[in-house]
$ cat upload-v8.txt   # compact mmCIF, C-alpha atoms (C1' of nucleotides)
# COMPACT_ATOMS: atom_id res chain seq x y z
CA MET A 46 95.57 123.75 123.95
CA GLU A 47 93.93 121.22 126.19
CA ARG A 48 95.90 118.07 126.71
CA VAL A 49 93.54 115.36 125.59
CA VAL A 50 94.24 111.70 124.94
CA VAL A 51 91.83 109.57 122.95
CA THR A 52 91.59 106.10 124.44
CA ILE A 53 89.95 103.19 122.66
CA ILE A 54 89.12 100.14 124.72
CA GLY A 55 87.06 97.03 124.23
CA PRO A 56 87.30 93.26 124.20
CA THR A 57 89.42 91.28 121.84
CA CYS A 58 88.11 91.15 118.28
CA SER A 59 85.99 94.26 118.71
CA GLY A 60 87.62 96.35 116.00
CA LYS A 61 89.83 98.51 118.20
CA THR A 62 92.72 98.29 115.78
CA SER A 63 90.71 99.38 112.75
CA LEU A 64 89.07 102.19 114.62
CA SER A 65 92.34 103.45 116.01
CA LEU A 66 93.91 103.45 112.56
CA MET A 67 91.07 105.52 111.15
CA LEU A 68 91.29 107.95 114.01
CA ALA A 69 95.04 108.30 113.90
CA GLU A 70 94.95 108.91 110.20
CA GLU A 71 92.35 111.60 110.58
CA LEU A 72 94.16 113.22 113.49
CA GLN A 73 97.58 112.88 111.87
CA THR A 74 98.96 111.31 114.99
CA GLU A 75 100.54 108.15 116.39
CA ILE A 76 99.16 105.15 118.21
CA ILE A 77 100.08 103.97 121.68
CA SER A 78 99.27 100.31 122.09
CA ALA A 79 98.22 99.25 125.56
CA ASP A 80 98.40 95.55 124.98
CA SER A 81 100.40 93.24 127.18
CA ARG A 82 101.09 90.76 124.38
CA GLN A 83 101.41 92.73 121.18
CA ILE A 84 104.43 94.37 122.71
CA PHE A 85 106.41 91.18 122.11
CA LYS A 86 108.16 90.43 118.87
CA TYR A 87 107.35 87.35 116.76
CA LEU A 88 103.92 86.85 118.31
CA SER A 89 101.93 88.46 115.56
CA ILE A 90 99.23 86.19 114.25
CA GLY A 91 98.10 85.01 117.66
CA THR A 92 97.87 88.49 119.13
CA ALA A 93 96.18 90.00 116.08
CA LYS A 94 98.70 92.77 115.69
CA PRO A 95 98.18 95.45 113.11
CA THR A 96 99.83 94.51 109.83
CA LYS A 97 103.13 95.84 108.63
CA GLU A 98 101.39 98.03 106.07
CA GLU A 99 99.34 99.54 108.85
CA THR A 100 102.27 100.19 111.13
CA ASP A 101 104.21 101.63 108.21
CA LYS A 102 101.44 104.05 107.57
CA ILE A 103 100.79 105.07 111.17
CA LYS A 104 103.49 104.99 113.76
CA HIS A 105 102.77 102.55 116.58
CA HIS A 106 104.41 102.50 119.98
CA PHE A 107 104.81 99.39 122.15
CA ILE A 108 104.30 96.92 119.37
CA ASP A 109 107.11 94.52 118.52
CA THR A 110 109.43 96.18 120.96
CA LEU A 111 110.49 93.35 123.27
CA GLU A 112 111.94 89.88 122.98
CA PRO A 113 109.48 87.32 124.37
CA ASP A 114 111.62 86.48 127.36
CA VAL A 115 111.84 90.05 128.64
CA ASN A 116 110.12 90.61 131.95
CA TYR A 117 108.17 93.75 131.27
CA ASN A 118 106.05 95.38 133.92
CA ILE A 119 103.25 97.80 134.17
CA SER A 120 105.19 100.41 136.03
CA LYS A 121 107.58 100.64 133.11
CA PHE A 122 104.67 100.87 130.76
CA GLU A 123 103.23 103.75 132.72
CA ILE A 124 106.49 105.66 132.61
CA ASP A 125 107.27 104.88 128.98
CA GLY A 126 103.71 105.48 127.88
CA LEU A 127 103.43 108.86 129.56
CA LYS A 128 106.72 109.82 127.99
CA VAL A 129 105.36 109.10 124.53
CA ILE A 130 102.19 110.98 125.36
CA GLU A 131 104.19 114.04 126.43
CA ASP A 132 106.28 113.76 123.33
CA LEU A 133 103.20 113.77 121.13
CA PHE A 134 101.79 116.74 122.98
CA SER A 135 104.98 118.61 122.34
CA LYS A 136 104.45 117.95 118.65
CA ASN A 137 100.89 119.21 118.96
CA LYS A 138 99.42 115.82 118.33
CA ILE A 139 96.53 114.15 120.06
CA PRO A 140 97.72 110.75 121.26
CA VAL A 141 95.54 107.75 120.50
CA VAL A 142 95.79 104.95 123.05
CA VAL A 143 94.36 101.56 122.07
CA GLY A 144 94.29 98.40 124.05
CA GLY A 145 92.47 95.58 125.68
CA SER A 146 94.69 95.16 128.70
CA GLY A 147 92.67 96.84 131.40
CA LEU A 148 95.51 97.23 133.83
CA TYR A 149 97.72 98.80 131.17
CA ILE A 150 95.04 101.36 130.45
CA LYS A 151 94.63 101.97 134.14
CA ALA A 152 98.35 102.55 134.50
CA LEU A 153 98.14 105.42 132.02
CA VAL A 154 94.81 106.85 133.08
CA ASP A 155 95.05 106.61 136.85
CA GLY A 156 98.57 105.49 137.52
CA ILE A 157 99.54 102.61 139.73
CA ILE A 158 101.72 102.47 142.82
CA ASN A 159 104.87 104.11 141.65
CA ASP A 160 106.96 104.34 144.78
CA VAL A 161 107.55 100.62 145.20
CA GLU A 162 109.70 98.71 142.77
CA THR A 163 109.98 94.99 142.46
CA ASP A 164 112.37 92.67 144.20
CA ASP A 165 112.89 89.70 141.96
CA GLU A 166 114.99 87.83 144.46
CA TYR A 167 112.41 88.12 147.21
CA ARG A 168 109.69 87.15 144.77
CA ALA A 169 111.58 84.08 143.72
CA GLU A 170 112.06 83.16 147.34
CA LEU A 171 108.33 83.44 148.00
CA MET A 172 107.55 81.37 144.93
CA LYS A 173 109.86 78.70 146.21
CA GLN A 174 108.19 78.70 149.59
CA ARG A 175 104.83 78.51 147.96
CA GLU A 176 105.83 75.50 145.92
CA GLU A 177 107.25 73.79 148.93
CA PHE A 178 104.71 74.63 151.62
CA GLY A 179 101.65 75.71 149.70
CA ASN A 180 99.46 78.75 149.28
CA GLU A 181 98.42 78.86 152.91
CA HIS A 182 101.98 79.21 154.03
CA ILE A 183 102.72 82.47 152.25
CA TYR A 184 99.21 83.68 152.98
CA ASN A 185 99.88 83.26 156.69
CA ILE A 186 103.01 85.34 156.41
CA LEU A 187 100.94 88.11 154.88
CA ARG A 188 98.33 87.77 157.58
CA GLU A 189 100.97 88.50 160.12
CA VAL A 190 102.53 91.56 158.52
CA ASP A 191 99.49 93.00 156.76
CA PRO A 192 96.27 91.48 158.09
CA GLN A 193 94.11 94.09 156.46
CA SER A 194 95.23 93.24 152.96
CA ALA A 195 95.17 89.55 153.70
CA GLU A 196 91.54 89.84 154.63
CA ASN A 197 90.69 90.98 151.12
CA MET A 198 92.57 88.17 149.43
CA LEU A 199 92.21 84.45 149.16
CA PRO A 200 95.21 82.20 149.75
CA GLN A 201 94.64 80.60 146.36
CA ASN A 202 95.31 83.86 144.66
CA TRP A 203 98.98 83.60 145.33
CA LYS A 204 100.05 86.22 142.81
CA ARG A 205 98.35 88.99 144.73
CA VAL A 206 99.54 87.59 148.02
CA ILE A 207 103.10 87.69 146.76
CA ARG A 208 102.79 91.23 145.48
CA ALA A 209 101.39 92.41 148.80
CA LEU A 210 104.25 90.74 150.61
CA GLU A 211 106.74 92.23 148.22
CA VAL A 212 105.42 95.73 148.78
CA PHE A 213 105.62 95.29 152.50
CA HIS A 214 109.08 93.79 152.26
CA ILE A 215 110.44 96.70 150.25
CA SER A 216 108.67 99.63 151.86
CA GLY A 217 107.78 98.39 155.31
CA LYS A 218 104.26 99.62 154.70
CA PRO A 219 101.18 97.61 153.81
CA ILE A 220 100.03 97.83 150.25
CA TRP A 221 96.67 99.39 151.10
CA GLN A 222 98.49 102.31 152.65
CA HIS A 223 100.26 102.95 149.37
CA HIS A 224 96.92 102.87 147.63
CA ASN A 225 95.55 105.48 150.00
CA GLU A 226 98.53 107.76 149.72
CA GLN A 227 98.78 107.44 145.99
CA LYS A 228 97.80 110.48 144.08
CA ARG A 229 98.56 111.80 140.73
CA ASP A 230 98.22 115.31 139.57
CA THR A 231 98.12 115.72 135.90
CA ASP A 232 96.22 117.92 133.54
CA ILE A 233 96.01 115.20 130.94
CA LYS A 234 92.44 114.37 130.12
CA PHE A 235 91.77 110.82 128.98
CA LEU A 236 88.67 110.47 126.88
CA GLN A 237 87.79 106.80 126.94
CA TYR A 238 85.65 105.17 124.29
CA GLY A 239 84.52 101.56 124.46
CA LEU A 240 83.32 99.20 121.77
CA ASN A 241 80.36 97.19 122.93
CA TRP A 242 79.15 94.16 121.01
CA ASP A 243 76.26 91.83 121.35
CA ARG A 244 77.82 88.83 123.03
CA GLU A 245 76.61 86.30 120.49
CA ILE A 246 77.89 88.21 117.48
CA LEU A 247 81.22 88.86 119.12
CA TYR A 248 81.63 85.19 119.97
CA LYS A 249 80.92 84.21 116.39
CA ASN A 250 83.47 86.71 115.15
CA ILE A 251 85.98 85.35 117.61
CA GLU A 252 85.52 81.85 116.26
CA LYS A 253 85.91 83.05 112.72
CA ARG A 254 89.05 84.92 113.59
CA VAL A 255 90.60 81.95 115.37
CA ASP A 256 90.03 79.82 112.27
CA GLN A 257 91.63 82.56 110.23
CA MET A 258 94.63 82.66 112.54
CA VAL A 259 95.12 78.94 112.16
CA ASN A 260 94.96 79.30 108.38
CA ASP A 261 97.44 82.13 108.54
CA GLY A 262 99.98 79.93 110.26
CA LEU A 263 99.46 80.29 113.98
CA LEU A 264 101.06 76.94 114.73
CA ALA A 265 104.10 77.67 112.58
CA GLU A 266 104.49 81.01 114.30
CA LEU A 267 104.62 79.34 117.68
CA GLN A 268 106.99 76.63 116.50
CA ASN A 269 109.24 79.27 115.09
CA VAL A 270 109.41 81.11 118.39
CA LEU A 271 110.13 77.89 120.24
CA GLU A 272 112.86 77.01 117.76
CA MET A 273 114.43 80.38 118.39
CA GLY A 274 115.01 79.09 121.89
CA PHE A 275 112.28 80.79 123.87
CA ASP A 276 110.88 78.57 126.55
CA ARG A 277 107.21 77.77 126.81
CA SER A 278 107.23 79.03 130.36
CA VAL A 279 108.02 82.65 129.50
CA ASN A 280 105.16 84.94 130.26
CA ALA A 281 104.75 86.08 126.69
CA LEU A 282 103.94 82.53 125.69
CA ASN A 283 101.43 82.06 128.47
CA THR A 284 98.95 83.55 126.08
CA VAL A 285 95.62 82.51 124.67
CA GLY A 286 96.18 81.13 121.22
CA TYR A 287 99.57 79.69 122.01
CA LYS A 288 99.26 77.93 125.33
CA GLU A 289 96.46 75.73 124.04
CA LEU A 290 98.74 74.41 121.29
CA TYR A 291 101.27 72.84 123.64
CA ASP A 292 99.14 69.79 124.28
CA PHE A 293 98.76 69.33 120.55
CA ILE A 294 102.51 69.61 120.03
CA ASP A 295 102.94 67.01 122.77
CA GLU A 296 100.41 64.82 120.95
CA LYS A 297 98.04 64.78 123.88
CA ILE A 298 95.12 66.28 121.96
CA THR A 299 94.12 66.75 118.35
CA LEU A 300 94.54 70.01 116.52
CA GLU A 301 90.76 70.33 116.31
CA ARG A 302 90.53 70.10 120.08
CA ALA A 303 93.27 72.67 120.53
CA ILE A 304 91.44 75.06 118.24
CA GLU A 305 88.26 74.54 120.22
CA LEU A 306 90.13 75.39 123.38
CA ILE A 307 91.57 78.54 121.83
CA LYS A 308 88.06 79.63 120.93
CA ARG A 309 86.81 78.88 124.40
CA ASP A 310 89.64 80.72 126.11
CA THR A 311 89.30 83.70 123.80
CA ARG A 312 85.60 83.92 124.65
CA ARG A 313 86.40 83.77 128.32
CA PHE A 314 89.03 86.43 127.87
CA ALA A 315 86.58 88.73 126.11
CA LYS A 316 84.13 88.22 128.94
CA ARG A 317 86.69 89.19 131.54
CA GLN A 318 87.58 92.26 129.56
CA PHE A 319 83.94 93.34 129.62
CA THR A 320 83.84 92.78 133.36
CA TRP A 321 86.91 94.90 133.84
CA PHE A 322 85.88 97.81 131.67
CA ARG A 323 82.23 97.82 132.63
CA ARG A 324 82.90 99.23 136.05
CA ASP A 325 84.69 102.31 134.75
CA GLU A 326 81.96 104.88 134.41
CA ARG A 327 84.15 107.32 132.56
CA ILE A 328 84.03 105.14 129.47
CA LYS A 329 81.65 106.20 126.76
CA TRP A 330 80.30 103.11 125.03
CA PHE A 331 79.37 102.61 121.43
CA ASP A 332 77.23 99.69 120.33
CA VAL A 333 78.75 97.89 117.38
CA ASN A 334 76.97 95.35 115.24
CA SER A 335 79.44 94.98 112.44
CA ALA A 336 82.78 96.33 111.29
CA SER A 337 81.01 98.75 109.00
CA ASP A 338 79.78 100.70 112.02
CA LEU A 339 83.31 101.73 112.90
CA SER A 340 83.65 104.67 110.59
CA GLU A 341 80.51 106.20 111.99
CA ILE A 342 81.88 105.70 115.48
CA LYS A 343 85.09 107.38 114.38
CA ASN A 344 83.05 110.40 113.34
CA SER A 345 81.22 110.49 116.64
CA ILE A 346 84.51 110.46 118.48
CA LEU A 347 85.89 113.26 116.33
CA LYS A 348 82.78 115.28 117.01
CA ASP A 349 83.10 114.61 120.72
CA LEU A 350 86.70 115.76 120.51
CA GLU A 351 85.70 119.00 118.87
CA LEU A 352 83.24 119.67 121.63
CA LYS A 353 85.70 118.95 124.37
CA THR A 354 88.72 120.68 122.94
CA GLY A 355 87.19 123.39 120.85
CA LEU A 356 89.30 122.40 117.86
C1' A B 177 57.70 43.23 113.53
C1' C B 178 61.03 40.70 116.97
C1' G B 179 65.51 40.88 120.03
C1' U B 180 69.14 43.70 122.75
C1' G B 181 70.86 48.24 124.80
C1' A B 182 70.15 53.22 126.00
C1' G B 183 67.12 57.69 127.46
C1' U B 184 69.50 62.12 133.86
C1' G B 185 70.71 70.42 133.25
C1' G B 186 72.15 73.32 126.51
C1' C B 187 76.29 69.14 125.73
C1' U B 188 79.26 64.76 127.76
C1' C B 189 78.69 61.67 131.66
C1' A B 190 78.28 60.24 137.50
C1' A B 191 75.14 58.57 141.44
C1' U B 192 79.03 53.14 146.21
C1' U B 193 73.31 48.63 142.89
C1' G B 194 66.56 51.17 146.67
C1' G B 195 68.46 56.17 150.86
C1' C B 196 69.10 64.24 150.35
C1' A B 197 70.20 63.84 141.92
C1' G B 198 76.25 65.31 141.37
C1' A B 199 80.61 66.72 138.17
C1' G B 200 83.16 68.62 133.72
C1' C B 201 82.20 71.66 129.51
C1' A B 202 79.06 75.61 127.62
C1' G B 203 76.28 80.08 129.87
C1' C B 204 76.06 84.25 133.32
C1' G B 205 78.06 87.50 137.34
C1' G B 206 82.29 89.24 140.13
C1' U B 207 87.63 90.35 142.07
C1' C B 208 91.70 93.00 140.07
C1' U B 209 97.04 99.12 141.81
C1' C B 210 104.25 95.72 138.86
C1' C B 211 103.60 88.29 135.25
C1' A B 212 96.94 90.97 133.80
C1' A B 213 95.60 87.35 127.02
C1' A B 214 97.86 86.48 134.08
C1' A B 215 95.97 84.72 138.79
C1' C B 216 91.43 83.90 141.29
C1' C B 217 86.04 83.77 143.25
C1' G B 218 80.88 83.01 142.69
C1' C B 219 75.75 82.07 140.44
C1' A B 220 72.16 79.69 137.81
C1' G B 221 70.30 75.52 135.41
C1' G B 222 66.90 68.77 136.55
C1' U B 223 58.94 66.68 137.88
C1' U B 224 65.90 61.69 135.99
C1' G B 225 61.51 60.51 128.15
C1' G B 226 55.65 60.07 129.53
C1' G B 227 52.11 57.39 132.50
C1' G B 228 51.00 53.76 136.16
C1' G B 229 52.59 50.25 140.05
C1' U B 230 55.68 48.00 144.30
C1' U B 231 58.01 50.42 148.69
C1' C B 232 58.54 54.22 154.72
C1' G B 233 61.60 55.74 150.46
C1' A B 234 62.53 54.81 143.10
C1' A B 235 67.12 57.76 138.39
C1' U B 236 67.67 52.67 140.23
C1' C B 237 62.76 47.23 140.78
C1' C B 238 57.90 45.80 137.86
C1' C B 239 54.15 47.04 133.87
C1' U B 240 52.98 50.10 129.74
C1' C B 241 53.65 53.72 126.02
C1' C B 242 57.21 57.01 123.31
C1' U B 243 62.14 58.08 121.20
C1' C B 244 67.03 56.66 119.61
C1' A B 245 71.07 53.10 118.48
C1' C B 246 72.64 48.28 117.14
C1' G B 247 71.31 43.30 115.58
C1' U B 248 67.77 39.82 113.15
C1' G B 249 63.90 39.64 109.56
$ encode --input "upload-v8.txt" --output "structure tokens"
Amino acid sequence: MERVVVTIIGPTCSGKTSLSLMLAEELQTEIISADSRQIFKYLSIGTAKPTKEETDKIKHHFIDTLEPDVNYNISKFEIDGLKVIEDLFSKNKIPVVVGGSGLYIKALVDGIINDVETDDEYRAELMKQREEFGNEHIYNILREVDPQSAENMLPQNWKRVIRALEVFHISGKPIWQHHNEQKRDTDIKFLQYGLNWDREILYKNIEKRVDQMVNDGLLAELQNVLEMGFDRSVNALNTVGYKELYDFIDEKITLERAIELIKRDTRRFAKRQFTWFRRDERIKWFDVNSASDLSEIKNSILKDLELKTGL
RNA sequence: ACGUGAGUGGCUCAAUUGGCAGAGCAGCGGUCUCCAAAACCGCAGGUUGGGGGUUCGAAUCCCUCCUCACGUG
């Protein structure tokens, strides 16, 4: 049997979760979430996780698996995710991958550099130097050891600069060389389906959903996590829907303003997701105008699967 | 009706008092190979309410009309 993975992508609030549930039910399989935030426990309302009933019904991987202060990384996700995929294949199931985190999807579909780990100490050192001497300082270091990569980066984008330096530090080779050498042979075939919405309708839905989240207790959810002792600075809490609430908690802005900002940032996020996914020509897009279109899309995908796998 | 104030990009406001009309937000496009819901980059948009005048030069000064706000009737 051909080793096929169904992959559902799209911006936030596009109906990925519903569609994936329908598909998984029909295919009698499990769902692999490729979402950099739903993987954390306690952050449920703000990340629009599937409900407990839904996860009880269909098994989900990478949802609610980590404490918010855990430093997860994409390399781990690639390894863990592929493991689950293999496991499902061995049970004769077609894995369904769902997610809006483009890089997480990429890690599964194409792989990322896998021969260079991280060096937290060195990273911390670079961060310190950056704080002390500025972006230009670390950028200049990169320009010396790896001018070619430096050329394609801006000093302001310090995160990439640091990663490039880290790769060089660990491997002694510039990061672009790893990119060139990287290859992955696998017989797994990822069929990618995207949910495309008219921008205006999607934005309206986003606003509605943010209001719903607030009604459902978004603020209390955040306060609860903070009371548990997790610091605002942890990466999991540097998330749209939560980070905008800090200024309200500090009484710098009104709740109404904070909600406005959440809506704005969610719109911006959706836009960036479109930008990311748009350039991948392997994605087959479906136009969606309302949630009721999803079941038809599910059928199209199943039909496409039949064609491609001969099921 | 009279008085006062205001009118600048879709919105909120700048323009050193007469010297190239700018910014934030919204919008749109892009980058992305270990924090990615992150971190960045860019683009577009204005006959300065209309008309006239003064001036080498007007968003800015003068006249007039329109609109809005507040005050008085």
$ residues_around --input "upload-v8.txt" --residues "G203 (chain B)" --least-positions-apart "5" --cutoff "12 Å" --atoms "only C-alpha atoms (C1' of nucleotides)" --output "PyMOL selection string"
(chain A and resi 244-245+309+312-313+316) or (chain B and resi 185-187+219-221)
$ write_last_selection --input "upload-v8.txt" --atoms "C-alpha atoms (C1' of nucleotides)" --output "CSV table (one decimal), in the frame of the given file"
chain,number,residue,atom,x,y,z
A,244,ARG,CA,77.8,88.8,123.0
A,245,GLU,CA,76.6,86.3,120.5
A,309,ARG,CA,86.8,78.9,124.4
A,312,ARG,CA,85.6,83.9,124.6
A,313,ARG,CA,86.4,83.8,128.3
A,316,LYS,CA,84.1,88.2,128.9
B,185,G,C1',70.7,70.4,133.2
B,186,G,C1',72.2,73.3,126.5
B,187,C,C1',76.3,69.1,125.7
B,219,C,C1',75.8,82.1,140.4
B,220,A,C1',72.2,79.7,137.8
B,221,G,C1',70.3,75.5,135.4
$ atom_distance --input "upload-v8.txt" --atom1 "CA of His106 (chain A)" --atom2 "CA of Asn283 (chain A)"
22.3 Å
$ interface_residues --input "upload-v8.txt" --of "chain B" --to "chain A" --cutoff "7 Å" --atoms "only C-alpha atoms (C1' of nucleotides)" --output "PyMOL selection string"
chain B and resi 209-213+215-216
$ residues_around --input "upload-v8.txt" --residues "region 230-247 of chain B" --least-positions-apart "3" --cutoff "12 Å" --atoms "all atoms listed in the file" --output "PyMOL selection string"
chain B and resi 178-184+190-191+193-197+222+224-227
$ write_last_selection --input "upload-v8.txt" --atoms "C-alpha atoms (C1' of nucleotides)" --output "compact mmCIF listing (two decimals), in the coordinates of the input"
# COMPACT_ATOMS: atom_id res chain seq x y z
C1' C B 178 61.03 40.70 116.97
C1' G B 179 65.51 40.88 120.03
C1' U B 180 69.14 43.70 122.75
C1' G B 181 70.86 48.24 124.80
C1' A B 182 70.15 53.22 126.00
C1' G B 183 67.12 57.69 127.46
C1' U B 184 69.50 62.12 133.86
C1' A B 190 78.28 60.24 137.50
C1' A B 191 75.14 58.57 141.44
C1' U B 193 73.31 48.63 142.89
C1' G B 194 66.56 51.17 146.67
C1' G B 195 68.46 56.17 150.86
C1' C B 196 69.10 64.24 150.35
C1' A B 197 70.20 63.84 141.92
C1' G B 222 66.90 68.77 136.55
C1' U B 224 65.90 61.69 135.99
C1' G B 225 61.51 60.51 128.15
C1' G B 226 55.65 60.07 129.53
C1' G B 227 52.11 57.39 132.50
$ atom_distance --input "upload-v8.txt" --atom1 "C1' of A199 (chain B)" --atom2 "CA of Arg302 (chain A)"
20.9 Å
$ closest_residue --input "upload-v8.txt" --among "A:Asp332, A:Glu166, A:Asp292, A:Asp191" --to "Gly55 (chain A)" --atoms "all atoms listed in the file"
A:Asp332
$ atom_distance --input "upload-v8.txt" --atom1 "CA of Phe322 (chain A)" --atom2 "CA of Val50 (chain A)"
17.6 Å
$ closest_residue --input "upload-v8.txt" --among "A:Glu71, A:Ala169, A:Val51, A:Ile90" --to "Gly144 (chain A)" --atoms "all atoms listed in the file"
A:Val51
